[in-house]
Amino acid sequence: MQYLMLINIDQSLLDALPAGEYDTMMRGCIGKADELRDAGHLLESQQLEAPATARTLRVRSGRSTVIDGPFAETKEVLAGFNLIEAPDIDAAMRIAADFPWAGYGSIEVRPVRDFEAVRRLVGA
């Protein structure tokens, strides 16, 4: 089954790291991702640009509104994701626990819905 790991960070916690520690942490994360990819668990991963580069679209009553940045006002922002393959949610959580990001925000692990089943269900 596929699981999406949504990586949320609090930038102020990362900014407080001693010089060089972020680079060391990133090298460890990239190494772990390479291991997971080689083992067939990591299907895709990407890091996102800063929230200031984002735009949020909202449509209400036929009217579109676009604002700069993420919609939610929060300390934690979506920084990236990993799409993984795991037999169950417990295994997915163990994979998530190998990454340090929960100490600087949070990692949400969510099952990916079988979209082909949805397509069949709705007759699309």
# chains A, B, ... in the order shown; residues from 1 in each chain; ligands from 1
$ residues_around --residues "Ser12 (chain A)" --least-positions-apart "5" --cutoff "12 Å" --atoms "only C-alpha atoms" --output "list of chain:residue names"
A:Leu17, A:Thr74, A:Lys75, A:Glu76, A:Val77, A:Tyr104, A:Gly105
$ residues_around --residues "Thr53 (chain A)" --least-positions-apart "2" --cutoff "9 Å" --atoms "only C-alpha atoms" --output "number ranges by chain"
A: 49-51, 55, 68-70
$ residues_around --residues "region 23-32 of chain A" --least-positions-apart "4" --cutoff "8 Å" --atoms "only C-alpha atoms" --output "count of residues only"
4
$ closest_residue --among "A:Ser61, A:Gln46, A:Asn8, A:Gln2" --to "Trp101 (chain A)" --atoms "only C-alpha atoms"
A:Asn8
$ atom_distance --atom1 "CA of Leu78 (chain A)" --atom2 "CA of Thr56 (chain A)"
13.1 Å
$ atom_distance --atom1 "CA of Glu108 (chain A)" --atom2 "CA of Leu83 (chain A)"
11.6 Å
$ closest_residue --among "A:Val122, A:Ala79, A:Ile84, A:Ala96" --to "Leu14 (chain A)" --atoms "only C-alpha atoms"
A:Ala79
$ select_by_dssp --residues "region 9-120 of chain A" --states "helix (DSSP H, G or I)" --output "PyMOL selection string"
chain A and resi 11-15+21-38+51-53+89-97+100-104+115-120
$ atom_distance --atom1 "CA of Val109 (chain A)" --atom2 "CA of Pro87 (chain A)"
13.4 Å
$ closest_residue --among "A:Ala33, A:Met1, A:Ala39, A:Ala102" --to "Ala86 (chain A)" --atoms "only C-alpha atoms"
A:Met1
$ select_by_dssp --residues "chain A" --states "strand (DSSP E or B)" --output "MDAnalysis selection string"
chainID A and resid 2:10 42:47 55:60 63:68 76:85 105:111
$ write_last_selection --atoms "C-alpha atoms" --output "PDB file, in the first residue's frame"
ATOM      1  CA  GLN A   2       1.172   3.530  -0.686  1.00  0.00           C
ATOM      2  CA  TYR A   3       1.500   6.185   2.008  1.00  0.00           C
ATOM      3  CA  LEU A   4       2.246   9.881   1.651  1.00  0.00           C
ATOM      4  CA  MET A   5       4.542  11.359   4.267  1.00  0.00           C
ATOM      5  CA  LEU A   6       3.832  15.098   4.441  1.00  0.00           C
ATOM      6  CA  ILE A   7       6.848  16.849   5.936  1.00  0.00           C
ATOM      7  CA  ASN A   8       5.938  20.020   7.867  1.00  0.00           C
ATOM      8  CA  ILE A   9       8.662  22.178   9.378  1.00  0.00           C
ATOM      9  CA  ASP A  10       8.935  25.105  11.739  1.00  0.00           C
ATOM     10  CA  LEU A  42      10.497   5.118  -1.568  1.00  0.00           C
ATOM     11  CA  LEU A  43       8.552   5.834  -4.750  1.00  0.00           C
ATOM     12  CA  GLU A  44       9.024   9.613  -4.932  1.00  0.00           C
ATOM     13  CA  SER A  45      10.267  12.473  -2.797  1.00  0.00           C
ATOM     14  CA  GLN A  46      10.531  16.202  -3.307  1.00  0.00           C
ATOM     15  CA  GLN A  47      11.369  19.262  -1.280  1.00  0.00           C
ATOM     16  CA  ARG A  55       0.032  31.158  -4.157  1.00  0.00           C
ATOM     17  CA  THR A  56      -3.257  29.848  -2.831  1.00  0.00           C
ATOM     18  CA  LEU A  57      -6.409  29.677  -4.943  1.00  0.00           C
ATOM     19  CA  ARG A  58      -9.867  29.653  -3.424  1.00  0.00           C
ATOM     20  CA  VAL A  59     -13.152  29.626  -5.353  1.00  0.00           C
ATOM     21  CA  ARG A  60     -16.363  30.541  -3.552  1.00  0.00           C
ATOM     22  CA  ARG A  63     -15.513  33.913  -7.558  1.00  0.00           C
ATOM     23  CA  SER A  64     -11.772  33.119  -7.610  1.00  0.00           C
ATOM     24  CA  THR A  65      -9.415  34.648  -5.103  1.00  0.00           C
ATOM     25  CA  VAL A  66      -5.646  34.234  -5.234  1.00  0.00           C
ATOM     26  CA  ILE A  67      -3.430  35.157  -2.298  1.00  0.00           C
ATOM     27  CA  ASP A  68       0.334  35.003  -1.940  1.00  0.00           C
ATOM     28  CA  GLU A  76       4.616  24.818  10.542  1.00  0.00           C
ATOM     29  CA  VAL A  77       4.524  24.797   6.753  1.00  0.00           C
ATOM     30  CA  LEU A  78       4.545  21.986   4.226  1.00  0.00           C
ATOM     31  CA  ALA A  79       8.178  21.565   3.195  1.00  0.00           C
ATOM     32  CA  GLY A  80       8.086  18.381   1.140  1.00  0.00           C
ATOM     33  CA  PHE A  81       6.835  14.854   0.822  1.00  0.00           C
ATOM     34  CA  ASN A  82       7.849  11.240   0.450  1.00  0.00           C
ATOM     35  CA  LEU A  83       5.607   8.756  -1.336  1.00  0.00           C
ATOM     36  CA  ILE A  84       6.399   5.364   0.114  1.00  0.00           C
ATOM     37  CA  GLU A  85       5.314   1.750  -0.219  1.00  0.00           C
ATOM     38  CA  GLY A 105       7.786  20.215  12.806  1.00  0.00           C
ATOM     39  CA  SER A 106       5.787  17.086  12.066  1.00  0.00           C
ATOM     40  CA  ILE A 107       5.415  14.220   9.637  1.00  0.00           C
ATOM     41  CA  GLU A 108       1.864  13.331   8.682  1.00  0.00           C
ATOM     42  CA  VAL A 109       1.543   9.804   7.285  1.00  0.00           C
ATOM     43  CA  ARG A 110      -1.595   9.237   5.255  1.00  0.00           C
ATOM     44  CA  PRO A 111      -2.720   6.275   3.121  1.00  0.00           C
TER      45      PRO A 111
END
$ decode --residues "region 2-121 of chain A" --atoms "C-alpha atoms" --output "CSV table (one decimal), in the first residue's frame"
chain,number,residue,atom,x,y,z
A,2,GLN,CA,1.2,3.5,-0.7
A,3,TYR,CA,1.5,6.2,2.0
A,4,LEU,CA,2.2,9.9,1.7
A,5,MET,CA,4.5,11.4,4.3
A,6,LEU,CA,3.8,15.1,4.4
A,7,ILE,CA,6.8,16.8,5.9
A,8,ASN,CA,5.9,20.0,7.9
A,9,ILE,CA,8.7,22.2,9.4
A,10,ASP,CA,8.9,25.1,11.7
A,11,GLN,CA,11.6,27.2,10.0
A,12,SER,CA,12.5,29.0,13.2
A,13,LEU,CA,13.7,25.7,14.7
A,14,LEU,CA,15.8,25.0,11.6
A,15,ASP,CA,17.2,28.5,11.6
A,16,ALA,CA,18.3,28.0,15.2
A,17,LEU,CA,20.6,25.0,14.3
A,18,PRO,CA,24.3,25.5,14.7
A,19,ALA,CA,26.2,26.2,11.5
A,20,GLY,CA,26.6,23.1,9.3
A,21,GLU,CA,24.1,21.0,11.3
A,22,TYR,CA,21.3,21.4,8.7
A,23,ASP,CA,23.7,20.2,5.9
A,24,THR,CA,24.7,17.2,8.0
A,25,MET,CA,21.0,16.4,8.7
A,26,MET,CA,20.1,16.8,5.0
A,27,ARG,CA,23.0,14.4,3.9
A,28,GLY,CA,21.6,11.9,6.4
A,29,CYS,CA,18.1,12.3,5.0
A,30,ILE,CA,19.2,11.9,1.4
A,31,GLY,CA,21.2,8.8,2.3
A,32,LYS,CA,18.2,7.3,4.1
A,33,ALA,CA,16.0,8.2,1.1
A,34,ASP,CA,18.5,6.5,-1.2
A,35,GLU,CA,18.4,3.3,1.0
A,36,LEU,CA,14.6,3.3,0.9
A,37,ARG,CA,14.5,3.8,-2.8
A,38,ASP,CA,17.0,0.9,-3.3
A,39,ALA,CA,14.9,-1.3,-1.1
A,40,GLY,CA,11.7,-0.4,-3.1
A,41,HIS,CA,10.0,1.5,-0.3
A,42,LEU,CA,10.5,5.1,-1.6
A,43,LEU,CA,8.6,5.8,-4.7
A,44,GLU,CA,9.0,9.6,-4.9
A,45,SER,CA,10.3,12.5,-2.8
A,46,GLN,CA,10.5,16.2,-3.3
A,47,GLN,CA,11.4,19.3,-1.3
A,48,LEU,CA,9.2,22.4,-1.7
A,49,GLU,CA,10.4,25.9,-2.2
A,50,ALA,CA,9.7,28.4,0.6
A,51,PRO,CA,6.1,29.3,1.5
A,52,ALA,CA,6.7,32.9,0.2
A,53,THR,CA,6.9,31.5,-3.3
A,54,ALA,CA,3.4,29.9,-3.1
A,55,ARG,CA,0.0,31.2,-4.2
A,56,THR,CA,-3.3,29.8,-2.8
A,57,LEU,CA,-6.4,29.7,-4.9
A,58,ARG,CA,-9.9,29.7,-3.4
A,59,VAL,CA,-13.2,29.6,-5.4
A,60,ARG,CA,-16.4,30.5,-3.6
A,61,SER,CA,-19.7,31.2,-5.2
A,62,GLY,CA,-18.0,31.3,-8.6
A,63,ARG,CA,-15.5,33.9,-7.6
A,64,SER,CA,-11.8,33.1,-7.6
A,65,THR,CA,-9.4,34.6,-5.1
A,66,VAL,CA,-5.6,34.2,-5.2
A,67,ILE,CA,-3.4,35.2,-2.3
A,68,ASP,CA,0.3,35.0,-1.9
A,69,GLY,CA,1.8,32.3,0.3
A,70,PRO,CA,0.1,29.4,2.0
A,71,PHE,CA,-3.5,29.8,3.1
A,72,ALA,CA,-3.1,28.8,6.7
A,73,GLU,CA,-1.4,31.0,9.3
A,74,THR,CA,0.8,28.6,11.2
A,75,LYS,CA,4.3,28.1,12.4
A,76,GLU,CA,4.6,24.8,10.5
A,77,VAL,CA,4.5,24.8,6.8
A,78,LEU,CA,4.5,22.0,4.2
A,79,ALA,CA,8.2,21.6,3.2
A,80,GLY,CA,8.1,18.4,1.1
A,81,PHE,CA,6.8,14.9,0.8
A,82,ASN,CA,7.8,11.2,0.5
A,83,LEU,CA,5.6,8.8,-1.3
A,84,ILE,CA,6.4,5.4,0.1
A,85,GLU,CA,5.3,1.7,-0.2
A,86,ALA,CA,4.7,-0.1,3.0
A,87,PRO,CA,2.6,-3.1,4.1
A,88,ASP,CA,0.6,-1.2,6.7
A,89,ILE,CA,0.4,2.1,8.6
A,90,ASP,CA,2.7,0.8,11.4
A,91,ALA,CA,5.5,0.1,8.9
A,92,ALA,CA,4.9,3.5,7.3
A,93,MET,CA,5.3,5.2,10.7
A,94,ARG,CA,8.5,3.3,11.3
A,95,ILE,CA,9.9,4.6,8.0
A,96,ALA,CA,8.8,8.1,9.0
A,97,ALA,CA,10.5,7.8,12.3
A,98,ASP,CA,13.9,7.4,10.6
A,99,PHE,CA,13.7,11.0,9.4
A,100,PRO,CA,14.5,13.9,11.7
A,101,TRP,CA,11.8,16.3,10.6
A,102,ALA,CA,9.4,15.5,13.4
A,103,GLY,CA,11.8,17.2,15.7
A,104,TYR,CA,11.5,20.4,13.6
A,105,GLY,CA,7.8,20.2,12.8
A,106,SER,CA,5.8,17.1,12.1
A,107,ILE,CA,5.4,14.2,9.6
A,108,GLU,CA,1.9,13.3,8.7
A,109,VAL,CA,1.5,9.8,7.3
A,110,ARG,CA,-1.6,9.2,5.3
A,111,PRO,CA,-2.7,6.3,3.1
A,112,VAL,CA,-3.0,7.0,-0.6
A,113,ARG,CA,-6.5,6.2,-1.9
A,114,ASP,CA,-6.7,3.8,-4.8
A,115,PHE,CA,-7.8,6.3,-7.4
A,116,GLU,CA,-8.6,3.7,-10.0
A,117,ALA,CA,-11.2,2.3,-7.6
A,118,VAL,CA,-12.7,5.8,-7.2
A,119,ARG,CA,-12.7,6.1,-11.0
A,120,ARG,CA,-14.7,2.8,-11.3
A,121,LEU,CA,-17.0,3.8,-8.4
